[in-house]
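Peer 1: One structure, pasted below without further comment.
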Amino acid sequence: MQKSFEELDFAATQLGELVLRRRKVPMLDDEVVYEIILNGEFLMSSLFHAVEDALADLGIAAAGLGPLDVVVGGLGLGYTAAAALRRPEVRSLLVVDFLAPVIRWHQSGLVPLGAGLMSDPRTRFVSGDFFALAADPGTGFDRASPGRQFHAILLDIDHTPQHWLNPRHAGFYAEEGLQKLAGHLLPGGVFAMWSDEPPDKEFCSRLEAAFCDVAAHTVSFPNPIRGGESSGTVYVAISATP
């Protein structure tokens, strides 16, 4: 019989104390929920993943017809990666995560989507710092193919463009950082990003300096814990074509 509350893993990381836990929610008929917590702050819950799904759907749809090569920055519980793999036009998926325990959870099947991600031949995990790799288009995200460009890059790491897991990420969200990120994309390629807050006009302006077409989509979803609806934002930016 499954316990009402279990701490499945704990790790001290460069970003702080990382916890994976599983619990039953009595008010939801004991629905089993997986949660990731970093330094006492929620990173992700399996109860809420509509915006993560939309990140993949909106970003890949904007990239057009396949076959598409896609990067996902931030693995978490795997929802963005899994949503990307549901799309048949995706030819390859490179998933970059800084936290080695998160990759291990998926490789060992400790989280529900891990087995599916691991068994899909299109998927490859990269243990690395997305933001450091993004700052170097000459090397890029794929160590096996330096300078490789992609049709879409989907980012779900920081909470918002202003609320980072690590202050070192700040430069990525400036115009120069976004322009370097655009260098990893093929002409007409797409950068899409998750945010936990309403659209940020200032960030949209910085995106417009690096990309030719920018949109901010509000994604709403029911919140059975608080009642009513909650929402997040998916930014979609398309790089210039020749």
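Quick note on naming: the chains in the structure tokens go A, B, ... in the order shown, residues restart at 1 in each chain, and ligands are numbered from 1 in order of appearance.
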Write out as a ChimeraX atom specification the residues lying within 9 Å of Ile238 of chain A, counting only C-alpha atoms and excluding same-chain residues fewer than 6 positions away.
Peer 2: /A:62-63,182,187-192,211-214
Peer 1: Can I get the selected residues back with C-alpha atoms, as a PDB file, in the first residue's frame?
Peer 2:
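And here's again.pdb as it stands now:
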ATOM      1  CA  ALA A  62       5.417  27.612 -34.581  1.00  0.00           C
ATOM      2  CA  ALA A  63       8.448  25.734 -35.930  1.00  0.00           C
ATOM      3  CA  ALA A 182      19.098  32.957 -31.415  1.00  0.00           C
ATOM      4  CA  PRO A 187      16.656  30.300 -39.886  1.00  0.00           C
ATOM      5  CA  GLY A 188      12.999  30.559 -38.928  1.00  0.00           C
ATOM      6  CA  GLY A 189      13.635  28.539 -35.780  1.00  0.00           C
ATOM      7  CA  VAL A 190      11.668  29.066 -32.583  1.00  0.00           C
ATOM      8  CA  PHE A 191      12.569  29.945 -29.021  1.00  0.00           C
ATOM      9  CA  ALA A 192       9.703  29.312 -26.584  1.00  0.00           C
ATOM     10  CA  PHE A 211      13.825  37.824 -32.978  1.00  0.00           C
ATOM     11  CA  CYS A 212      11.601  38.908 -35.837  1.00  0.00           C
ATOM     12  CA  ASP A 213       8.219  37.707 -34.502  1.00  0.00           C
ATOM     13  CA  VAL A 214       7.259  37.564 -30.810  1.00  0.00           C
TER      14      VAL A 214
END
Peer 1: Just list as a VMD selection string whatever in segment 69-238 of chain A DSSP marks as strand (DSSP E or B).
Peer 2: chain A and resid 69 to 73 90 to 97 123 to 127 150 to 155 185 to 195 213 to 222 229 to 238
Peer 1: Output C-alpha atoms of each residue in that selection to a file, as a PDB file, in the first residue's frame.
Peer 2:
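And here's again.pdb as it stands now:
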ATOM      1  CA  ASP A  69      15.335  18.855 -34.014  1.00  0.00           C
ATOM      2  CA  VAL A  70      14.387  20.241 -30.604  1.00  0.00           C
ATOM      3  CA  VAL A  71      16.153  21.241 -27.381  1.00  0.00           C
ATOM      4  CA  VAL A  72      14.367  21.295 -24.025  1.00  0.00           C
ATOM      5  CA  GLY A  73      16.094  23.294 -21.308  1.00  0.00           C
ATOM      6  CA  VAL A  90       9.890  15.862 -33.773  1.00  0.00           C
ATOM      7  CA  ARG A  91      12.882  13.920 -35.113  1.00  0.00           C
ATOM      8  CA  SER A  92      15.266  14.386 -32.178  1.00  0.00           C
ATOM      9  CA  LEU A  93      15.014  15.759 -28.644  1.00  0.00           C
ATOM     10  CA  LEU A  94      17.980  16.964 -26.605  1.00  0.00           C
ATOM     11  CA  VAL A  95      17.068  17.541 -22.938  1.00  0.00           C
ATOM     12  CA  VAL A  96      19.519  19.700 -20.963  1.00  0.00           C
ATOM     13  CA  ASP A  97      19.449  19.788 -17.155  1.00  0.00           C
ATOM     14  CA  THR A 123      15.609  11.405 -26.705  1.00  0.00           C
ATOM     15  CA  ARG A 124      19.072  12.191 -25.381  1.00  0.00           C
ATOM     16  CA  PHE A 125      19.838  13.701 -21.962  1.00  0.00           C
ATOM     17  CA  VAL A 126      22.625  16.243 -21.505  1.00  0.00           C
ATOM     18  CA  SER A 127      23.911  16.946 -18.001  1.00  0.00           C
ATOM     19  CA  PHE A 150      18.002  23.464 -33.981  1.00  0.00           C
ATOM     20  CA  HIS A 151      14.466  24.106 -35.190  1.00  0.00           C
ATOM     21  CA  ALA A 152      13.130  24.837 -31.700  1.00  0.00           C
ATOM     22  CA  ILE A 153      14.474  25.512 -28.204  1.00  0.00           C
ATOM     23  CA  LEU A 154      11.998  25.198 -25.329  1.00  0.00           C
ATOM     24  CA  LEU A 155      12.994  26.628 -21.942  1.00  0.00           C
ATOM     25  CA  LEU A 185      18.519  28.279 -34.091  1.00  0.00           C
ATOM     26  CA  LEU A 186      18.189  27.511 -37.760  1.00  0.00           C
ATOM     27  CA  PRO A 187      16.656  30.300 -39.886  1.00  0.00           C
ATOM     28  CA  GLY A 188      12.999  30.559 -38.928  1.00  0.00           C
ATOM     29  CA  GLY A 189      13.635  28.539 -35.780  1.00  0.00           C
ATOM     30  CA  VAL A 190      11.668  29.066 -32.583  1.00  0.00           C
ATOM     31  CA  PHE A 191      12.569  29.945 -29.021  1.00  0.00           C
ATOM     32  CA  ALA A 192       9.703  29.312 -26.584  1.00  0.00           C
ATOM     33  CA  MET A 193       9.791  29.859 -22.830  1.00  0.00           C
ATOM     34  CA  TRP A 194       7.604  29.121 -19.797  1.00  0.00           C
ATOM     35  CA  SER A 195       6.922  31.763 -17.136  1.00  0.00           C
ATOM     36  CA  ASP A 213       8.219  37.707 -34.502  1.00  0.00           C
ATOM     37  CA  VAL A 214       7.259  37.564 -30.810  1.00  0.00           C
ATOM     38  CA  ALA A 215       4.048  36.552 -29.018  1.00  0.00           C
ATOM     39  CA  ALA A 216       3.152  36.022 -25.359  1.00  0.00           C
ATOM     40  CA  HIS A 217       0.400  33.444 -24.791  1.00  0.00           C
ATOM     41  CA  THR A 218      -1.526  33.316 -21.509  1.00  0.00           C
ATOM     42  CA  VAL A 219      -2.346  29.700 -20.618  1.00  0.00           C
ATOM     43  CA  SER A 220      -5.070  29.183 -18.001  1.00  0.00           C
ATOM     44  CA  PHE A 221      -5.869  25.972 -16.156  1.00  0.00           C
ATOM     45  CA  PRO A 222      -8.108  24.883 -13.259  1.00  0.00           C
ATOM     46  CA  GLU A 229      -8.167  29.167 -12.358  1.00  0.00           C
ATOM     47  CA  SER A 230      -4.458  29.862 -12.390  1.00  0.00           C
ATOM     48  CA  SER A 231      -2.375  30.856 -15.387  1.00  0.00           C
ATOM     49  CA  GLY A 232       1.124  31.124 -16.778  1.00  0.00           C
ATOM     50  CA  THR A 233       2.755  32.520 -19.896  1.00  0.00           C
ATOM     51  CA  VAL A 234       4.407  30.915 -22.895  1.00  0.00           C
ATOM     52  CA  TYR A 235       6.599  33.276 -24.905  1.00  0.00           C
ATOM     53  CA  VAL A 236       7.154  32.282 -28.532  1.00  0.00           C
ATOM     54  CA  ALA A 237       9.848  34.029 -30.576  1.00  0.00           C
ATOM     55  CA  ILE A 238      10.724  33.212 -34.196  1.00  0.00           C
TER      56      ILE A 238
END
Peer 1: Could you please determine the separation between atom CA of Ser239 of chain A and atom CA of Gly59 of chain A in Å, to one decimal place?
Peer 2: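 Result for atom CA of Ser239 of chain A versus atom CA of Gly59 of chain A: 12.3 Å, one decimal.
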Peer 1: Give me, as number ranges by chain, all polymer residues having an atom no more than 8 Å from Ala83 of chain A, counting only C-alpha atoms and skipping those fewer than 3 positions away in the same chain.
Peer 2: A: 53, 56-57, 79-80, 86-87
Peer 1: Write the selection just made, keeping N, CA and C atoms, as a short mmCIF file (atom, residue, chain, number, x, y, z; two decimals), in the first residue's frame?
Peer 2:
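The file below, result.cif, is the result:
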data_model
loop_
_atom_site.label_atom_id
_atom_site.label_comp_id
_atom_site.auth_asym_id
_atom_site.auth_seq_id
_atom_site.Cartn_x
_atom_site.Cartn_y
_atom_site.Cartn_z
N ASP A 53 2.95 21.65 -20.91
CA ASP A 53 2.47 21.01 -22.13
C ASP A 53 2.33 22.03 -23.26
N ALA A 56 5.54 23.10 -25.14
CA ALA A 56 5.93 22.22 -26.25
C ALA A 56 5.00 22.39 -27.44
N ASP A 57 3.71 22.40 -27.19
CA ASP A 57 2.76 22.47 -28.30
C ASP A 57 2.88 23.77 -29.08
N TYR A 79 7.35 16.84 -18.22
CA TYR A 79 6.12 17.10 -18.98
C TYR A 79 6.37 17.79 -20.31
N THR A 80 7.27 18.78 -20.35
CA THR A 80 7.54 19.44 -21.62
C THR A 80 8.19 18.48 -22.61
N ARG A 86 5.23 13.63 -28.09
CA ARG A 86 3.91 13.23 -28.62
C ARG A 86 3.69 13.77 -30.03
N ARG A 87 4.52 14.69 -30.45
CA ARG A 87 4.35 15.30 -31.77
C ARG A 87 5.22 14.54 -32.77
#
Peer 1: Could you check how far atom CA of Leu38 of chain A sits from atom CA of Asp129 of chain A, in Å to one decimal?
Peer 2: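 Atom CA of Asp129 of chain A lies at a distance of 16.5 Å from atom CA of Leu38 of chain A.
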Peer 1: Out of segment 29-208 of chain A, which residues get helix (DSSP H, G or I) from DSSP, as a PyMOL selection string?
Peer 2: chain A and resi 50-63+79-85+100-107+114-119+130-134+167-173+175-182+201-208
